Amino acid sequence: MRTTSKIIILAISIIVAIAAVMIYAKTQVEPPVASKHTNQYNMDLNLCFASFAEVDDYLQEDSIFSVTSDRISVFAQQNKLSTAEVDKNTDALLKIYVPLFLKRSFNRFLLSDWRDDDHNYMLSQIVAIREVCHTDGSMAVSSSASDSLSIIESIIGRYRKARTLARQTQFRGVANAQSVISQANQFAKDPWLSHCSNLVNSLRAMKSNIAQSHYNYIVGQVQQMTQYRYYSQDYYDNTIVPHVDAALTEYEKKAAALYGTRRNVDDLWARARSYYNDATDYYEN
């Protein structure tokens with residue numbers, strides 16, 4: 001029994017001694033393992049990327065985008081990043097920022113009130129996004145994102161054309177009236193432009209505004225017949241009178257189909273005949 005105990009104690013002592021030697025060798029004899037090298041400039045950019053999640057204001061988002069883009073450029077110029085790292089960080093920046101920009105831009109088009117300042121700002125940001133390039137000079141924004149940016153530009157372009165069109169309420173002939181009214185209807189039904197209440201109201205009012213302008217036009221033409229003292233009889237009979245007759249006839253035939261309604265012009269016909277009789281008496285006497 002005593003012999004067995006001694007053997008066990010001896011074995012334990014040997015194990016403890018070996019373990020102590022191994023621990024000493026591991027911590028004191030072996031040299032420390034070098035820590036993995038981390039590029040501090042990449043770390044700086046990663047902090048910039050993370051800061052996007054901490055803001056909820058579009059101006060702050062745009063500021064982070066601008067600052068981070070500038071940092072990448074400076075680090076590249078100073079050779080703080082490899083070519084691959086520059087392109088990787090550039091892609092990472094656009095991958096975070098562009099979806100944020102697209103979401104807020106399209107949400108703004110869903111509002112009923114559209115502002116030129118907002119549109120100008122969107123367009124300036126699109127220019128800034130497209131100016132971001134890879135080290136080989138190629139545009140960094142993806143093709144799908146670029147297509148979405150083009151849609152924003154197209155919406156703003158159509159809005160500006162529609163707004164210009166909505167101001168054309170003066171009658172410039174039946175053909176022109178048909179054209180602008182048709183365009184106005186198309187713009188008013190546009191999936192995006194239809195959200196802008198002021199624009200849609202202006203476009204829908206064009207028909208009645210042009211109709212009123214058309215009526216005012218024929219009234220003016222009839223009234224011109226009173227100026228017979230300033231024309232020769234030949235010009236009056238062969239130019240003024242036929243022109244008034246054509247204008248009144250055209251309005252009677254086309255106004256209802258064009259505007260949806262037509263005003264009675266019997267009084268204008270009567271006034272035209274009266275003015276013509278006055279002119280005839282004047283020329284004969």
# chains A, B, ... in the order shown; residues from 1 in each chain; ligands from 1
call {"tool": "residues_around", "arguments": {"residues": "Leu248 (chain A)", "least_positions_apart": "6", "cutoff": "12 Å", "atoms": "only C-alpha atoms", "output": "PyMOL selection string"}}
result
chain A and resi 214-222+241-242+254-255+262-272
call {"tool": "write_last_selection", "arguments": {"atoms": "N, CA, C and O atoms", "output": "compact mmCIF listing (two decimals), in the first residue's frame"}}
result
# COMPACT_ATOMS: atom_id res chain seq x y z
N HIS A 214 -60.28 81.44 -76.86
CA HIS A 214 -60.79 81.27 -78.22
C HIS A 214 -62.02 82.16 -78.44
O HIS A 214 -62.14 82.84 -79.47
N TYR A 215 -62.91 82.16 -77.46
CA TYR A 215 -64.10 83.00 -77.58
C TYR A 215 -63.72 84.48 -77.64
O TYR A 215 -64.26 85.25 -78.44
N ASN A 216 -62.78 84.86 -76.77
CA ASN A 216 -62.32 86.26 -76.77
C ASN A 216 -61.70 86.62 -78.13
O ASN A 216 -61.83 87.76 -78.60
N TYR A 217 -61.04 85.63 -78.73
CA TYR A 217 -60.41 85.85 -80.04
C TYR A 217 -61.46 86.18 -81.10
O TYR A 217 -61.31 87.15 -81.86
N ILE A 218 -62.55 85.38 -81.16
CA ILE A 218 -63.55 85.64 -82.21
C ILE A 218 -64.31 86.93 -81.93
O ILE A 218 -64.74 87.62 -82.87
N VAL A 219 -64.46 87.27 -80.66
CA VAL A 219 -65.08 88.55 -80.32
C VAL A 219 -64.21 89.68 -80.86
O VAL A 219 -64.71 90.66 -81.45
N GLY A 220 -62.92 89.54 -80.69
CA GLY A 220 -62.00 90.55 -81.21
C GLY A 220 -62.02 90.65 -82.71
O GLY A 220 -61.90 91.75 -83.28
N GLN A 221 -62.17 89.50 -83.38
CA GLN A 221 -62.23 89.52 -84.84
C GLN A 221 -63.50 90.22 -85.34
O GLN A 221 -63.46 90.99 -86.30
N VAL A 222 -64.61 89.97 -84.67
CA VAL A 222 -65.86 90.65 -85.04
C VAL A 222 -65.71 92.15 -84.80
O VAL A 222 -66.12 92.98 -85.62
N VAL A 241 -63.88 90.57 -93.89
CA VAL A 241 -65.17 89.88 -93.77
C VAL A 241 -65.03 88.37 -93.89
O VAL A 241 -65.57 87.61 -93.06
N PRO A 242 -64.31 87.83 -94.91
CA PRO A 242 -64.15 86.37 -94.99
C PRO A 242 -63.43 85.78 -93.76
O PRO A 242 -63.74 84.66 -93.33
N LYS A 254 -66.27 73.43 -84.17
CA LYS A 254 -65.23 72.66 -83.47
C LYS A 254 -65.13 72.90 -81.96
O LYS A 254 -64.51 72.11 -81.26
N ALA A 255 -65.72 73.96 -81.47
CA ALA A 255 -65.55 74.29 -80.05
C ALA A 255 -66.08 73.21 -79.12
O ALA A 255 -65.43 72.84 -78.13
N ARG A 262 -69.66 74.79 -75.91
CA ARG A 262 -69.57 75.87 -76.89
C ARG A 262 -70.53 76.97 -76.51
O ARG A 262 -71.69 76.72 -76.18
N ARG A 263 -70.05 78.20 -76.55
CA ARG A 263 -70.91 79.33 -76.24
C ARG A 263 -71.73 79.73 -77.47
O ARG A 263 -71.28 79.56 -78.61
N ASN A 264 -72.90 80.26 -77.22
CA ASN A 264 -73.76 80.71 -78.32
C ASN A 264 -73.16 81.95 -78.97
O ASN A 264 -72.77 82.90 -78.29
N VAL A 265 -73.08 81.92 -80.30
CA VAL A 265 -72.47 83.05 -81.01
C VAL A 265 -73.46 83.77 -81.92
O VAL A 265 -73.07 84.54 -82.80
N ASP A 266 -74.76 83.55 -81.71
CA ASP A 266 -75.76 84.24 -82.53
C ASP A 266 -75.61 85.75 -82.42
O ASP A 266 -75.76 86.48 -83.42
N ASP A 267 -75.33 86.21 -81.22
CA ASP A 267 -75.16 87.65 -81.02
C ASP A 267 -73.97 88.18 -81.81
O ASP A 267 -74.01 89.29 -82.37
N LEU A 268 -72.89 87.37 -81.90
CA LEU A 268 -71.71 87.80 -82.66
C LEU A 268 -72.02 87.86 -84.15
O LEU A 268 -71.55 88.78 -84.85
N TRP A 269 -72.79 86.90 -84.63
CA TRP A 269 -73.20 86.95 -86.04
C TRP A 269 -74.02 88.21 -86.32
O TRP A 269 -73.82 88.89 -87.34
N ALA A 270 -74.90 88.53 -85.42
CA ALA A 270 -75.74 89.71 -85.61
C ALA A 270 -74.90 90.99 -85.59
O ALA A 270 -75.13 91.91 -86.40
N ARG A 271 -73.95 91.05 -84.68
CA ARG A 271 -73.07 92.21 -84.62
C ARG A 271 -72.22 92.33 -85.88
O ARG A 271 -72.02 93.44 -86.42
N ALA A 272 -71.76 91.19 -86.41
CA ALA A 272 -70.95 91.20 -87.62
C ALA A 272 -71.75 91.74 -88.80
O ALA A 272 -71.25 92.55 -89.60
call {"tool": "closest_atom_pairs", "arguments": {"of": "region 70-174 of chain A", "to": "region 41-64 of chain A", "cutoff": "9 Å", "atoms": "only C-alpha atoms", "output": "Markdown table"}}
result
| residue | atom | partner | partner_atom | distance |
| --- | --- | --- | --- | --- |
| A:Arg71 | CA | A:Leu45 | CA | 7.8 |
| A:Ile72 | CA | A:Leu45 | CA | 7.7 |
| A:Phe75 | CA | A:Tyr41 | CA | 7.4 |
| A:Lys80 | CA | A:Tyr41 | CA | 6.9 |
| A:Leu81 | CA | A:Tyr41 | CA | 7.3 |
| A:Glu85 | CA | A:Asn42 | CA | 8.0 |
| A:Asn89 | CA | A:Leu45 | CA | 7.5 |
| A:Ala92 | CA | A:Phe49 | CA | 7.9 |
| A:Leu93 | CA | A:Phe49 | CA | 6.7 |
| A:Ile96 | CA | A:Phe49 | CA | 7.5 |
| A:Tyr97 | CA | A:Glu61 | CA | 7.5 |
| A:Leu100 | CA | A:Glu61 | CA | 8.2 |
| A:Phe101 | CA | A:Tyr58 | CA | 8.0 |
| A:Arg104 | CA | A:Tyr58 | CA | 8.0 |
| A:Gln125 | CA | A:Asp62 | CA | 8.2 |
call {"tool": "write_last_selection", "arguments": {"atoms": "N, CA and C atoms", "output": "mmCIF file, in the first residue's frame"}}
result
data_model
loop_
_atom_site.group_PDB
_atom_site.id
_atom_site.type_symbol
_atom_site.label_atom_id
_atom_site.label_comp_id
_atom_site.auth_asym_id
_atom_site.auth_seq_id
_atom_site.Cartn_x
_atom_site.Cartn_y
_atom_site.Cartn_z
ATOM 1 N N ARG A 71 -12.391 61.903 -48.493
ATOM 2 C CA ARG A 71 -11.383 61.156 -47.745
ATOM 3 C C ARG A 71 -10.778 60.039 -48.593
ATOM 4 N N ILE A 72 -11.644 59.345 -49.304
ATOM 5 C CA ILE A 72 -11.143 58.259 -50.162
ATOM 6 C C ILE A 72 -10.174 58.826 -51.202
ATOM 7 N N PHE A 75 -6.857 59.816 -49.426
ATOM 8 C CA PHE A 75 -6.093 58.628 -49.050
ATOM 9 C C PHE A 75 -5.471 57.973 -50.276
ATOM 10 N N LYS A 80 -2.212 55.927 -49.178
ATOM 11 C CA LYS A 80 -2.527 55.298 -47.905
ATOM 12 C C LYS A 80 -3.347 54.031 -48.098
ATOM 13 N N LEU A 81 -3.937 53.916 -49.281
ATOM 14 C CA LEU A 81 -4.734 52.751 -49.628
ATOM 15 C C LEU A 81 -4.257 52.183 -50.948
ATOM 16 N N GLU A 85 -8.171 48.643 -52.462
ATOM 17 C CA GLU A 85 -8.850 49.191 -51.289
ATOM 18 C C GLU A 85 -9.639 50.450 -51.639
ATOM 19 N N ASN A 89 -13.645 50.601 -51.112
ATOM 20 C CA ASN A 89 -14.279 51.605 -50.262
ATOM 21 C C ASN A 89 -15.229 52.496 -51.059
ATOM 22 N N ALA A 92 -18.339 50.547 -51.486
ATOM 23 C CA ALA A 92 -19.049 50.462 -50.206
ATOM 24 C C ALA A 92 -19.808 51.758 -49.914
ATOM 25 N N LEU A 93 -19.186 52.896 -50.227
ATOM 26 C CA LEU A 93 -19.831 54.193 -50.012
ATOM 27 C C LEU A 93 -21.107 54.321 -50.847
ATOM 28 N N ILE A 96 -24.090 52.181 -49.812
ATOM 29 C CA ILE A 96 -24.852 52.678 -48.665
ATOM 30 C C ILE A 96 -25.642 53.925 -49.030
ATOM 31 N N TYR A 97 -24.979 54.873 -49.678
ATOM 32 C CA TYR A 97 -25.577 56.190 -49.886
ATOM 33 C C TYR A 97 -26.635 56.230 -50.984
ATOM 34 N N LEU A 100 -30.206 55.315 -50.155
ATOM 35 C CA LEU A 100 -30.806 56.337 -49.298
ATOM 36 C C LEU A 100 -31.268 57.526 -50.135
ATOM 37 N N PHE A 101 -30.425 57.946 -51.062
ATOM 38 C CA PHE A 101 -30.764 59.079 -51.927
ATOM 39 C C PHE A 101 -31.963 58.753 -52.815
ATOM 40 N N ARG A 104 -35.390 58.629 -50.733
ATOM 41 C CA ARG A 104 -35.941 59.924 -50.329
ATOM 42 C C ARG A 104 -36.380 60.749 -51.541
ATOM 43 N N GLN A 125 -27.001 66.501 -56.737
ATOM 44 C CA GLN A 125 -26.508 65.295 -56.080
ATOM 45 C C GLN A 125 -26.283 64.170 -57.078
#
call {"tool": "atom_distance", "arguments": {"atom1": "CA of Ser146 (chain A)", "atom2": "CA of Cys133 (chain A)"}}
result
12.9 Å
call {"tool": "select_by_dssp", "arguments": {"residues": "region 43-249 of chain A", "states": "helix (DSSP H, G or I)", "output": "VMD selection string"}}
result
chain A and resid 43 to 54 58 to 77 83 to 108 116 to 130 143 to 166 174 to 188 193 to 195 197 to 230 233 to 249
call {"tool": "closest_residue", "arguments": {"among": "A:Ser274, A:Tyr282, A:Arg204, A:Met122", "to": "Tyr231 (chain A)", "atoms": "only C-alpha atoms"}}
result
A:Tyr282
call {"tool": "residues_around", "arguments": {"residues": "region 115-118 of chain A", "least_positions_apart": "2", "cutoff": "12 Å", "atoms": "only C-alpha atoms", "output": "ChimeraX atom specification"}}
result
/A:58-59,104-109,111-113,120-125,152,156-157,159-160,163,196,198-199
call {"tool": "residues_around", "arguments": {"residues": "region 174-185 of chain A", "least_positions_apart": "3", "cutoff": "9 Å", "atoms": "only C-alpha atoms", "output": "list in words"}}
result
Ala162, Leu165, Ala166, Gln168, Thr169, Gln170, Phe171, Ala188, Lys189, Asp190, Val200, Ser202, Leu203, Arg204, Met206, Lys207, Ile210, Ala211, His214, Glu250, Tyr251, Lys254, Ala255, Leu258 and Tyr259 of chain A
call {"tool": "closest_residue", "arguments": {"among": "A:Ala279, A:Ala145, A:Ser154, A:Ala76", "to": "Lys103 (chain A)", "atoms": "only C-alpha atoms"}}
result
A:Ala145
call {"tool": "atom_distance", "arguments": {"atom1": "CA of Ser82 (chain A)", "atom2": "CA of Phe65 (chain A)"}}
result
20.7 Å
call {"tool": "atom_distance", "arguments": {"atom1": "CA of Asp87 (chain A)", "atom2": "CA of Thr135 (chain A)"}}
result
6.5 Å
call {"tool": "closest_residue", "arguments": {"among": "A:Thr280, A:Arg273, A:Arg130, A:Ile151", "to": "Trp192 (chain A)", "atoms": "only C-alpha atoms"}}
result
A:Ile151
